[in-house]
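So this one's start-v3.txt, compact mmCIF, C-alpha atoms:
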```
# COMPACT_ATOMS: atom_id res chain seq x y z
CA MET H 7 -45.17 39.73 -38.10
CA PRO H 8 -45.53 36.80 -35.71
CA VAL H 9 -45.11 36.82 -31.97
CA ASN H 10 -41.48 35.99 -31.28
CA LYS H 11 -40.38 35.65 -27.68
CA ASN H 12 -37.16 34.30 -26.21
CA LEU H 13 -36.44 32.69 -22.91
CA ASP H 14 -32.85 32.98 -21.73
CA VAL H 15 -31.46 30.16 -19.63
CA GLY H 16 -28.20 30.00 -17.72
CA LEU H 17 -26.51 26.74 -18.58
CA ASN H 18 -23.98 26.79 -15.80
CA ASP H 19 -26.21 27.92 -12.96
CA ALA H 20 -25.79 24.49 -11.35
CA GLY H 21 -22.40 25.75 -10.27
CA ILE H 22 -20.45 22.87 -11.73
CA ASP H 23 -17.95 23.54 -14.43
CA LEU H 24 -16.71 20.33 -15.99
CA ASP H 25 -13.48 21.95 -17.08
CA GLU H 26 -12.81 23.13 -13.54
CA LEU H 27 -13.60 19.67 -12.24
CA ASP H 28 -11.22 18.13 -14.73
CA LYS H 29 -8.55 20.58 -13.70
CA ALA H 30 -9.02 19.71 -10.02
CA ALA H 31 -8.97 15.99 -10.78
CA ARG H 32 -5.76 16.38 -12.81
CA LYS H 33 -4.21 18.19 -9.88
CA ALA H 34 -5.28 15.44 -7.46
CA TYR H 35 -3.94 12.82 -9.86
CA LYS H 36 -0.56 14.53 -10.01
CA ALA H 37 -0.38 14.77 -6.22
CA LEU H 38 -1.25 11.08 -5.75
CA GLU H 39 1.15 10.02 -8.47
CA LYS H 40 3.91 11.99 -6.77
CA LYS H 41 3.14 10.29 -3.46
CA ARG H 42 3.16 6.89 -5.12
CA ARG H 43 6.53 7.55 -6.73
CA GLU H 44 7.97 8.72 -3.41
CA THR H 45 6.66 5.61 -1.65
CA ALA H 46 8.09 3.33 -4.33
CA LYS H 47 11.43 5.09 -4.05
CA ALA H 48 11.42 4.75 -0.27
CA ASN H 49 10.56 1.05 -0.52
CA LYS H 50 13.39 0.52 -2.96
CA GLU H 51 15.80 2.28 -0.61
CA ILE H 52 14.66 0.11 2.31
CA GLN H 53 15.20 -3.03 0.25
CA ARG H 54 18.66 -1.83 -0.72
CA LEU H 55 19.59 -1.16 2.91
CA GLU H 56 18.22 -4.53 4.01
CA GLY H 57 20.35 -6.20 1.40
CA ARG H 58 23.47 -4.71 3.00
CA GLY H 59 22.95 -6.59 6.28
CA GLY H 60 24.15 -5.07 9.58
CA ILE H 61 21.56 -3.34 11.68
CA PHE H 62 19.35 -2.84 8.61
CA GLY H 63 19.36 -6.48 7.65
CA GLY H 64 17.21 -9.38 8.57
CA GLY H 65 13.56 -8.58 8.37
CA ASP H 66 12.99 -12.32 8.34
CA LYS H 67 15.85 -13.24 10.64
CA ALA H 68 15.60 -13.65 14.39
CA PRO H 69 15.63 -10.28 16.16
CA VAL H 70 18.70 -9.28 18.13
CA PRO H 71 18.04 -10.15 21.81
CA ILE H 72 17.55 -7.32 24.25
CA GLY H 73 20.83 -6.71 26.05
CA GLY H 74 22.88 -6.99 22.93
CA LYS H 75 23.81 -10.66 23.17
CA ALA H 76 23.84 -12.24 19.76
CA PRO H 77 22.36 -15.72 19.30
CA THR H 78 24.87 -18.56 19.90
CA ASP H 79 26.08 -20.33 16.84
CA ILE H 80 25.84 -24.05 17.73
CA SER H 81 28.29 -25.08 15.05
CA LYS H 82 31.05 -23.01 16.73
CA SER H 83 30.54 -24.27 20.30
CA GLY H 84 32.32 -27.58 19.69
CA LYS H 85 29.41 -29.59 21.16
CA THR H 86 27.18 -31.98 19.32
CA PHE H 87 23.54 -31.29 18.99
CA ASP H 88 22.67 -34.11 21.38
CA GLN H 89 24.95 -32.69 24.08
CA ILE H 90 23.37 -29.29 23.77
CA LEU H 91 19.94 -30.85 23.83
CA ASP H 92 20.80 -32.82 26.95
CA GLU H 93 21.91 -29.66 28.70
CA LYS H 94 18.74 -27.88 27.74
CA VAL H 95 16.58 -30.81 28.86
CA ASN H 96 18.36 -31.13 32.19
CA VAL H 97 17.97 -27.46 32.93
CA SER H 98 14.31 -27.57 31.92
CA PHE H 99 13.76 -30.69 34.00
CA ARG H 100 15.31 -29.16 37.10
CA GLU H 101 13.34 -25.99 36.68
CA ALA H 102 10.11 -27.88 36.10
CA PHE H 103 10.43 -30.10 39.20
CA ALA H 104 12.14 -27.61 41.44
CA ASP H 105 9.18 -27.25 43.82
CA GLN H 106 8.38 -30.95 44.14
CA ALA H 107 11.95 -32.03 44.79
CA GLY H 108 12.80 -29.59 47.56
CA GLY H 109 13.40 -26.52 45.56
CA PHE H 110 15.68 -25.77 42.69
CA ARG H 111 18.83 -25.99 44.77
CA GLY H 112 17.76 -29.33 46.23
CA ALA H 113 17.07 -30.81 42.83
CA ARG H 114 20.45 -29.68 41.58
CA ASN H 115 22.14 -31.28 44.59
CA ILE H 116 20.36 -34.55 43.89
CA PHE H 117 21.79 -34.63 40.42
CA SER H 118 25.27 -33.75 41.57
CA MET H 119 25.18 -36.44 44.27
CA ALA H 120 24.11 -39.02 41.74
CA LYS H 121 26.97 -38.08 39.48
CA ASN H 122 29.76 -37.69 42.04
CA PRO H 123 28.88 -38.60 45.67
CA LYS H 124 32.31 -37.69 47.07
CA ALA H 125 32.34 -34.23 45.67
CA PHE H 126 28.75 -33.78 46.80
CA VAL H 127 29.51 -34.61 50.40
CA GLY H 128 32.53 -32.34 50.28
CA ASN H 129 30.46 -29.49 48.92
CA VAL H 130 27.81 -29.88 51.59
CA ALA H 131 30.48 -30.00 54.29
CA ARG H 132 32.07 -26.84 52.97
CA SER H 133 28.74 -25.05 52.91
CA ILE H 134 28.16 -25.61 56.67
CA PRO H 135 29.69 -22.96 58.94
CA PHE H 136 32.30 -24.31 61.30
CA ILE H 137 31.26 -23.57 64.94
CA GLY H 138 32.51 -26.53 66.87
CA GLY H 139 33.56 -30.08 66.08
CA LEU H 140 30.53 -31.79 67.62
CA VAL H 141 28.02 -29.29 66.44
CA ALA H 142 29.49 -29.39 62.97
CA ALA H 143 29.34 -33.18 62.94
CA ALA H 144 25.69 -33.17 64.04
CA GLU H 145 24.73 -30.62 61.45
CA PHE H 146 26.66 -32.50 58.81
CA ALA H 147 24.68 -35.64 59.61
CA GLN H 148 21.41 -33.71 59.50
CA ALA H 149 22.30 -32.30 56.10
CA ILE H 150 22.98 -35.78 54.76
CA VAL H 151 19.66 -37.06 56.14
CA SER H 152 17.87 -34.12 54.69
CA GLU H 153 19.34 -34.73 51.25
CA LEU H 154 18.49 -38.42 51.44
CA LYS H 155 14.89 -37.54 52.28
CA LYS H 156 14.74 -35.35 49.25
CA ILE H 157 16.03 -38.17 47.07
CA ASP H 158 13.39 -40.46 48.52
CA ASN H 159 10.64 -37.96 47.79
CA PHE H 160 11.90 -37.46 44.30
CA LEU H 161 11.98 -41.18 43.56
CA LYS H 162 8.51 -41.68 45.01
CA LYS H 163 7.05 -38.78 43.11
CA PHE H 164 8.39 -39.44 39.66
CA ILE H 165 10.39 -42.56 39.06
CA ILE H 166 8.40 -45.12 41.07
CA LYS H 167 5.11 -43.79 39.79
CA ARG H 168 6.37 -44.06 36.27
CA ILE H 169 7.51 -47.65 36.78
CA ASP H 170 4.10 -48.51 38.23
CA ASP H 171 2.39 -47.03 35.21
CA ARG H 172 4.52 -49.03 32.84
CA ASN H 173 3.87 -52.25 34.82
CA ASN H 174 0.17 -51.60 34.79
CA GLN H 175 0.19 -51.03 31.11
CA LEU H 176 2.07 -54.27 30.51
CA ARG H 177 -0.27 -56.17 32.85
CA GLU H 178 -3.28 -54.75 31.14
CA ARG H 179 -1.95 -55.78 27.78
CA ILE H 180 -1.42 -59.39 28.85
CA GLU H 181 -4.80 -59.47 30.51
CA SER H 182 -6.49 -58.03 27.45
CA ALA H 183 -4.84 -60.63 25.26
CA HIS H 184 -6.04 -63.40 27.59
CA ILE H 185 -9.59 -62.08 27.61
CA SER H 186 -9.58 -61.74 23.82
CA ALA H 187 -8.40 -65.33 23.55
CA GLY H 188 -11.14 -66.49 25.92
CA ASN H 189 -8.69 -67.61 28.65
CA ILE H 190 -9.92 -65.17 31.25
CA GLN H 191 -13.52 -64.30 31.94
CA GLU H 192 -14.59 -60.83 32.91
CA ILE H 193 -18.17 -60.19 33.96
CA LEU H 194 -19.58 -56.75 34.59
CA THR H 195 -22.75 -57.13 36.62
CA THR H 196 -25.49 -54.65 37.31
CA GLU H 197 -25.35 -52.47 40.38
CA ALA H 198 -27.57 -54.97 42.22
CA GLY H 199 -25.32 -57.85 41.14
CA GLY H 200 -27.50 -59.18 38.33
CA THR H 201 -25.77 -61.41 35.77
CA SER H 202 -28.59 -61.81 33.28
CA PRO H 203 -27.23 -61.76 29.71
CA ARG H 204 -29.50 -58.80 28.93
CA GLU H 205 -28.19 -56.74 31.82
CA SER H 206 -24.58 -57.77 32.29
CA TYR H 207 -21.44 -57.84 30.23
CA ASN H 208 -19.77 -61.26 29.99
CA THR H 209 -16.62 -61.75 28.00
CA PHE H 210 -17.20 -65.52 27.69
CA ASN H 211 -20.56 -64.92 26.05
CA LEU H 212 -19.00 -62.38 23.76
CA PHE H 213 -16.21 -64.83 22.95
CA ASN H 214 -18.78 -67.36 21.78
CA GLU H 215 -21.20 -64.99 20.13
CA ASN H 216 -19.35 -61.93 18.86
CA ARG H 217 -15.63 -62.43 18.93
CA THR H 218 -14.97 -59.42 16.77
CA LYS H 219 -16.60 -57.14 19.32
CA LEU H 220 -14.65 -58.76 22.13
CA GLU H 221 -11.36 -58.21 20.34
CA ALA H 222 -12.34 -54.67 19.60
CA ASP H 223 -13.24 -54.03 23.24
CA TYR H 224 -10.00 -55.45 24.59
CA ALA H 225 -7.63 -54.26 21.92
CA VAL H 226 -4.62 -52.44 23.35
CA ARG H 227 -5.01 -49.05 21.85
CA ASP H 228 -2.16 -47.08 23.35
CA LYS H 229 1.07 -48.98 22.84
CA SER H 230 3.37 -45.99 23.15
CA GLY H 231 4.20 -46.67 26.81
CA ILE H 232 5.20 -50.34 26.26
CA MET X 17 -24.64 23.78 -4.62
CA SER X 18 -21.93 21.78 -2.99
CA LEU X 19 -19.67 19.27 -4.58
CA ILE X 20 -18.10 16.37 -2.75
CA SER X 21 -15.60 14.28 -4.63
CA LYS X 22 -13.86 11.49 -2.80
CA PHE X 23 -10.77 9.95 -4.35
CA GLU X 24 -8.99 7.14 -2.57
CA THR X 25 -6.79 5.77 -5.29
CA ILE X 26 -5.27 6.91 -8.55
CA ASP X 27 -7.67 4.62 -10.36
CA ASP X 28 -10.59 6.55 -8.88
CA ILE X 29 -9.31 9.75 -10.41
CA LYS X 30 -8.61 8.10 -13.73
CA ARG X 31 -12.15 6.75 -13.85
CA PHE X 32 -13.53 10.12 -12.81
CA ARG X 33 -11.64 11.92 -15.58
CA ILE X 34 -12.80 9.44 -18.21
CA ASN X 35 -16.37 10.04 -17.05
CA LEU X 36 -15.77 13.77 -17.26
CA GLN X 37 -14.56 13.52 -20.85
CA THR X 38 -17.65 11.51 -21.76
CA LEU X 39 -19.86 14.06 -20.07
CA LYS X 40 -18.20 16.91 -21.91
CA MET X 41 -18.93 15.27 -25.22
CA GLN X 42 -22.52 14.52 -24.32
CA LYS X 43 -23.27 17.78 -22.56
CA ILE X 44 -24.47 19.79 -25.58
CA GLN X 45 -26.76 16.98 -26.63
CA PHE X 46 -28.10 16.74 -23.10
CA GLN X 47 -28.66 20.49 -22.89
CA ASP X 48 -30.45 20.64 -26.21
CA LEU X 49 -32.69 17.71 -25.37
CA THR X 50 -33.45 18.81 -21.82
CA LEU X 51 -34.17 22.44 -22.71
CA ASN X 52 -36.48 21.38 -25.53
CA LYS X 53 -38.31 18.97 -23.28
CA LEU X 54 -38.67 21.45 -20.45
CA ALA X 55 -39.76 24.25 -22.80
CA THR X 56 -42.46 22.04 -24.27
CA ASN X 57 -43.71 20.37 -21.13
CA LEU X 58 -43.37 23.22 -18.70
CA VAL X 59 -43.62 26.56 -20.53
CA LEU X 60 -45.53 25.84 -23.72
CA HIS X 61 -48.06 23.71 -21.88
CA THR X 62 -48.74 26.62 -19.50
CA ILE X 63 -49.11 29.05 -22.41
CA HIS X 64 -51.58 26.75 -24.15
CA GLN X 65 -53.63 26.38 -20.98
CA LYS X 66 -53.81 30.12 -20.52
CA MET X 67 -54.77 30.65 -24.16
CA LYS X 68 -57.55 28.08 -23.86
CA SER X 69 -58.94 29.69 -20.73
CA SER X 70 -58.81 33.11 -22.46
CA GLY X 71 -60.85 31.86 -25.41
CA PHE X 72 -58.13 31.74 -28.04
CA SER X 73 -58.98 29.79 -31.15
CA ASP X 74 -57.51 26.32 -31.58
CA LYS X 75 -55.69 27.50 -34.67
CA ILE X 76 -53.76 30.06 -32.66
CA ILE X 77 -52.99 27.54 -29.90
CA LYS X 78 -51.74 25.01 -32.44
CA ASN X 79 -49.54 27.60 -34.06
CA THR X 80 -47.93 28.63 -30.81
CA ILE X 81 -44.77 26.52 -30.74
CA VAL X 82 -41.21 26.18 -29.52
CA VAL X 83 -39.08 26.95 -32.54
CA GLY X 84 -35.83 25.76 -31.10
CA VAL X 85 -33.02 26.02 -28.61
CA LYS X 86 -29.95 28.01 -29.43
CA ILE X 87 -26.89 27.51 -27.26
CA LYS X 88 -25.21 30.86 -27.53
CA SER X 89 -22.19 30.28 -25.34
CA LYS X 90 -20.80 27.93 -22.71
CA ASN X 91 -23.08 29.46 -20.10
CA LYS X 92 -26.08 30.75 -21.97
CA ALA X 93 -28.88 29.40 -24.13
CA THR X 94 -31.99 30.93 -25.63
CA ILE X 95 -35.28 29.20 -26.29
CA HIS X 96 -37.33 30.69 -29.09
CA PHE X 97 -41.16 30.69 -28.89
CA LYS X 98 -43.34 31.68 -31.83
CA SER X 99 -47.05 32.24 -32.27
CA GLU X 100 -48.53 33.10 -35.66
CA LEU X 101 -51.78 32.79 -37.57
CA PHE X 102 -52.06 34.86 -40.71
CA ALA X 103 -55.39 35.91 -42.19
CA ASP X 104 -55.91 36.10 -45.94
CA THR X 105 -55.23 39.77 -45.79
CA GLY X 106 -51.79 39.10 -44.29
CA TYR X 107 -52.80 40.20 -40.83
CA ASP X 108 -51.36 38.13 -37.98
CA ILE X 109 -54.26 37.23 -35.75
CA ALA X 110 -51.99 35.62 -33.14
CA LEU X 111 -50.09 38.84 -32.80
CA GLY X 112 -53.39 40.72 -32.46
CA ARG X 113 -54.45 38.45 -29.62
CA GLU X 114 -51.09 38.76 -27.91
CA GLU X 115 -50.61 42.48 -28.18
CA GLY X 116 -54.19 43.69 -28.58
CA THR X 117 -55.76 45.82 -31.31
CA ASP X 118 -57.44 49.17 -31.71
CA THR X 119 -60.78 49.51 -33.44
CA HIS X 120 -60.09 48.80 -37.09
CA ARG X 121 -61.73 48.07 -40.39
CA ILE X 122 -61.74 44.74 -42.12
CA VAL X 123 -62.48 44.62 -45.80
CA ALA X 124 -63.43 41.32 -47.49
CA GLY X 125 -61.69 40.25 -50.66
CA GLU X 126 -63.32 40.06 -54.03
CA GLU X 127 -66.52 38.00 -54.18
CA LYS X 128 -66.31 37.31 -50.43
CA THR X 129 -68.20 38.55 -47.40
CA ILE X 130 -67.44 38.75 -43.71
CA PRO X 131 -69.80 37.02 -41.24
CA ILE X 132 -70.66 39.38 -38.38
CA PRO X 133 -72.47 38.03 -35.30
CA THR X 134 -75.42 40.15 -34.14
CA ASN X 135 -78.33 39.66 -31.76
CA ASN X 136 -80.47 38.50 -34.66
CA GLY X 137 -77.90 36.00 -35.97
CA LEU X 138 -75.15 36.28 -38.50
CA ILE X 139 -75.18 38.97 -41.10
CA PHE X 140 -72.76 39.13 -44.02
CA ARG X 141 -71.04 42.26 -45.18
CA LYS X 142 -68.18 43.22 -47.44
CA PHE X 143 -66.50 45.00 -44.54
CA SER X 144 -66.49 45.07 -40.73
CA ASN X 145 -65.40 47.50 -38.02
CA PRO X 146 -64.59 45.34 -34.96
CA SER X 147 -63.76 46.98 -31.67
CA GLY X 148 -60.25 46.66 -30.23
CA ILE X 149 -58.93 43.65 -28.29
CA ILE X 150 -57.24 43.95 -24.92
CA ALA X 151 -53.55 43.00 -24.95
CA LEU X 152 -53.20 39.84 -22.82
CA HIS X 153 -49.47 39.29 -23.41
CA ILE X 154 -49.91 35.67 -22.45
CA ILE X 155 -46.65 34.49 -24.02
CA ARG X 156 -44.56 37.35 -22.68
CA ASN X 157 -45.98 37.15 -19.17
CA THR X 158 -45.78 33.36 -19.01
CA LEU X 159 -42.15 33.41 -20.05
CA GLN X 160 -41.40 35.92 -17.31
CA GLU X 161 -43.29 33.86 -14.73
CA MET X 162 -41.73 30.59 -15.73
CA LYS X 163 -38.18 31.79 -16.00
CA GLU X 164 -37.22 30.89 -12.43
CA PRO X 165 -39.02 27.53 -12.21
CA PHE X 166 -37.58 26.65 -15.59
CA GLN X 167 -34.05 27.42 -14.44
CA ASP X 168 -34.54 25.44 -11.22
CA SER X 169 -35.86 22.44 -13.10
CA TYR X 170 -32.98 22.56 -15.53
CA ASN X 171 -30.42 22.80 -12.70
CA ARG X 172 -31.98 19.86 -10.91
CA LEU X 173 -31.94 17.70 -14.02
CA LEU X 174 -28.37 18.71 -14.76
CA ASN X 175 -27.24 17.75 -11.25
CA GLU X 176 -29.02 14.42 -11.48
CA TRP X 177 -27.34 13.78 -14.79
CA TYR X 178 -23.93 14.60 -13.34
CA ALA X 179 -24.53 12.38 -10.33
CA ALA X 180 -25.73 9.51 -12.52
CA ASN X 181 -22.76 9.68 -14.85
CA LEU X 182 -19.86 10.60 -12.60
CA GLY X 183 -20.28 7.55 -10.41
CA ASP X 184 -20.60 7.11 -6.69
CA LYS X 185 -17.49 9.17 -6.00
CA PHE X 186 -19.41 12.28 -6.94
CA ASN X 187 -22.13 13.63 -4.75
CA ALA X 188 -23.96 16.75 -5.84
CA SER X 189 -26.42 18.16 -3.38
```
Could you render the structure from this file as structure tokens?
Amino acid sequence: MPVNKNLDVGLNDAGIDLDELDKAARKAYKALEKKRRETAKANKEIQRLEGRGGIFGGGDKAPVPIGGKAPTDISKSGKTFDQILDEKVNVSFREAFADQAGGFRGARNIFSMAKNPKAFVGNVARSIPFIGGLVAAAEFAQAIVSELKKIDNFLKKFIIKRIDDRNNQLRERIESAHISAGNIQEILTTEAGGTSPRESYNTFNLFNENRTKLEADYAVRDKSGI
Amino acid sequence: MSLISKFETIDDIKRFRINLQTLKMQKIQFQDLTLNKLATNLVLHTIHQKMKSSGFSDKIIKNTIVVGVKIKSKNKATIHFKSELFADTGYDIALGREEGTDTHRIVAGEEKTIPIPTNNGLIFRKFSNPSGIIALHIIRNTLQEMKEPFQDSYNRLLNEWYAANLGDKFNAS
């Protein structure tokens, strides 16, 4: 009779039972699937409510302004788009230049005087407290002078400067055309006054030697202001 | 042994369960292969070493083998070791070496003699009365000694196999 010996081994001593694992995974799957179904249902409900409009509607639409005022429908105001735009621009303009033109109130007065001088004078007169005839007359005159000063400032600051810019641009364009055509000479010398061809920039030389470069140098690039 | 499974999506669980099904199908094959390998490399190798150092004959060592692995249930397996070397008379020498012998008489067969070593060399007789052999119980003792290391090794390999096949969502430590 031979030597027969057995060695017993525990197969599950690692502590992991695949069946138990599968059971746990199935449970987790069911839980996640349930969550997914609930989420899908909730999404569907939200879409349905959004489709109804009212307070639920308009995920993509403009939000209702704070204070409860609904956005103005331009088509119902009876004004053209240009009129509305003009209003907006005027308001923006006044607000933007309020400080430079004597404050917001001053700027508004300037506009009203330009539109209707009689009414403007009347308004200013009404706004001055009546103390005595002479005093009132003096103050009235001062108010008019003050408003005129504001108009002067305003014109100097914006309108005259703008006209100057446009004139300069036009002048530059004519001058550039003359230089390109070789009618006017422009020489840029060195700091010490040197006019050597190697050191200076002479439009006549360029006109004779490299006319393409000259035209490129004096081309009017920005024509938007003219 | 702790198990950490992290599922973030339903797809993770689906993948995990598919891996589990694959593992279930392959588990018996893995167990059979791993137990055989461990029994040979770990236990049988130790037994052979001990036999060699105790002066066992090569014939006995060669005939000490792992017969097979029997998976008895879901949680239990048995590895069968056998050692046998029969003499012409039908006596199992391997068993004698394992369990020891008393003083006994050996009678040679017809027209044969038994070589007996003496101080003056070999002498040949028709019979012999060898003294008893001490019971070493190498196989029995080795199996007892190796039971725990064997189990540990198997558990470690099993965990590694799980970790390798269940994907990165499974972390066995």
Could you make a table, as CSV, of the residues of chain X that have an atom within 8 Å of an atom of chain H, each with its nearest atom pair and distance in Å to one decimal, counting only C-alpha atoms, in chain and number order?
```
residue,atom,partner,partner_atom,distance
X:Met17,CA,H:Gly21,CA,6.4
X:Thr25,CA,H:Leu38,CA,7.7
X:Ile26,CA,H:Tyr35,CA,6.2
X:Ile29,CA,H:Tyr35,CA,6.2
X:Lys30,CA,H:Tyr35,CA,7.7
X:Phe32,CA,H:Ala31,CA,7.7
X:Arg33,CA,H:Asp28,CA,6.3
X:Leu36,CA,H:Leu24,CA,6.7
X:Lys40,CA,H:Leu24,CA,7.0
X:Gln47,CA,H:Leu17,CA,7.9
X:Lys90,CA,H:Leu17,CA,7.1
X:Asn91,CA,H:Leu17,CA,4.6
X:Lys92,CA,H:Gly16,CA,4.8
X:Ala93,CA,H:Val15,CA,5.2
X:Thr94,CA,H:Asp14,CA,4.5
X:Ile95,CA,H:Leu13,CA,5.0
X:His96,CA,H:Asn12,CA,4.6
X:Phe97,CA,H:Lys11,CA,5.2
X:Lys98,CA,H:Asn10,CA,4.7
X:Ser99,CA,H:Val9,CA,5.0
X:Glu100,CA,H:Pro8,CA,4.8
X:Leu101,CA,H:Pro8,CA,7.7
X:Asp108,CA,H:Met7,CA,6.4
X:Ala110,CA,H:Pro8,CA,7.1
X:Leu111,CA,H:Val9,CA,5.4
X:Glu114,CA,H:Val9,CA,7.5
X:Ile155,CA,H:Lys11,CA,7.4
X:Arg156,CA,H:Lys11,CA,6.7
X:Leu159,CA,H:Leu13,CA,6.4
X:Lys163,CA,H:Leu13,CA,7.2
X:Gln167,CA,H:Val15,CA,6.4
X:Asn171,CA,H:Ala20,CA,5.1
X:Arg172,CA,H:Ala20,CA,7.7
X:Leu174,CA,H:Ala20,CA,7.2
X:Asn175,CA,H:Ala20,CA,6.9
```
Straight-line distance linking CA of Tyr107 in chain X with CA of Asn157 in chain X, stated in Å to one decimal: 22.9 Å
Near His184 in chain H, within 12 Å and counting all atoms listed in the file, which residues show up once chain neighbours fewer than 2 positions away are dropped, as a VMD selection string? chain H and resid 177 to 182 186 to 192 209 to 210 213 220 to 221 224 to 226
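Among the candidates H:Lys40, H:Thr45, H:Ala183, H:Leu55, the residue lying nearest to Asp223 in chain H is H:Ala183 (atoms considered: all atoms listed in the file).
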Atomic separation - CA of Leu152 in chain X relative to CA of Glu115 in chain X, Å: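 Here the two named atoms are 6.5 Å from each other.
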Taking all atoms of range 122-125 of chain X that the file lists, what box with edges along x, y and z, padded by 4 Å per side, do you get, with centre and edge lengths in Å to one decimal, as AutoDock Vina command-line options?
```
--center_x -62.6 --center_y 42.5 --center_z -46.4 --size_x 9.7 --size_y 12.5 --size_z 16.5
```
Please write as a PyMOL selection string the list of polymer residues whose atoms come within 10 Å of (-20.9, -60.1, 33.6), counting only C-alpha atoms and keeping to the coordinates of the file. chain H and resi 191-196+199-211
Between CA of Lys86 in chain X and CA of Glu26 in chain H, measure the distance and give it in Å to one decimal.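 CA of Lys86 in chain X sits 23.9 Å away from CA of Glu26 in chain H.
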Shell around Ile122 in chain X at 10 Å using only C-alpha atoms, local window under 4 positions removed, as a list of chain:residue names: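 Answer for this query is X:Thr105, X:Ile130, X:Lys142, X:Phe143, X:Ser144, X:Asn145, X:Pro146.
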Counting only C-alpha atoms, I want the residues whose atoms come within 9 Å of (-40.7, 25.8, -26.5) in the file frame, returned as a PyMOL selection string. (chain H and resi 13) or (chain X and resi 51-61+80-85+95-98)
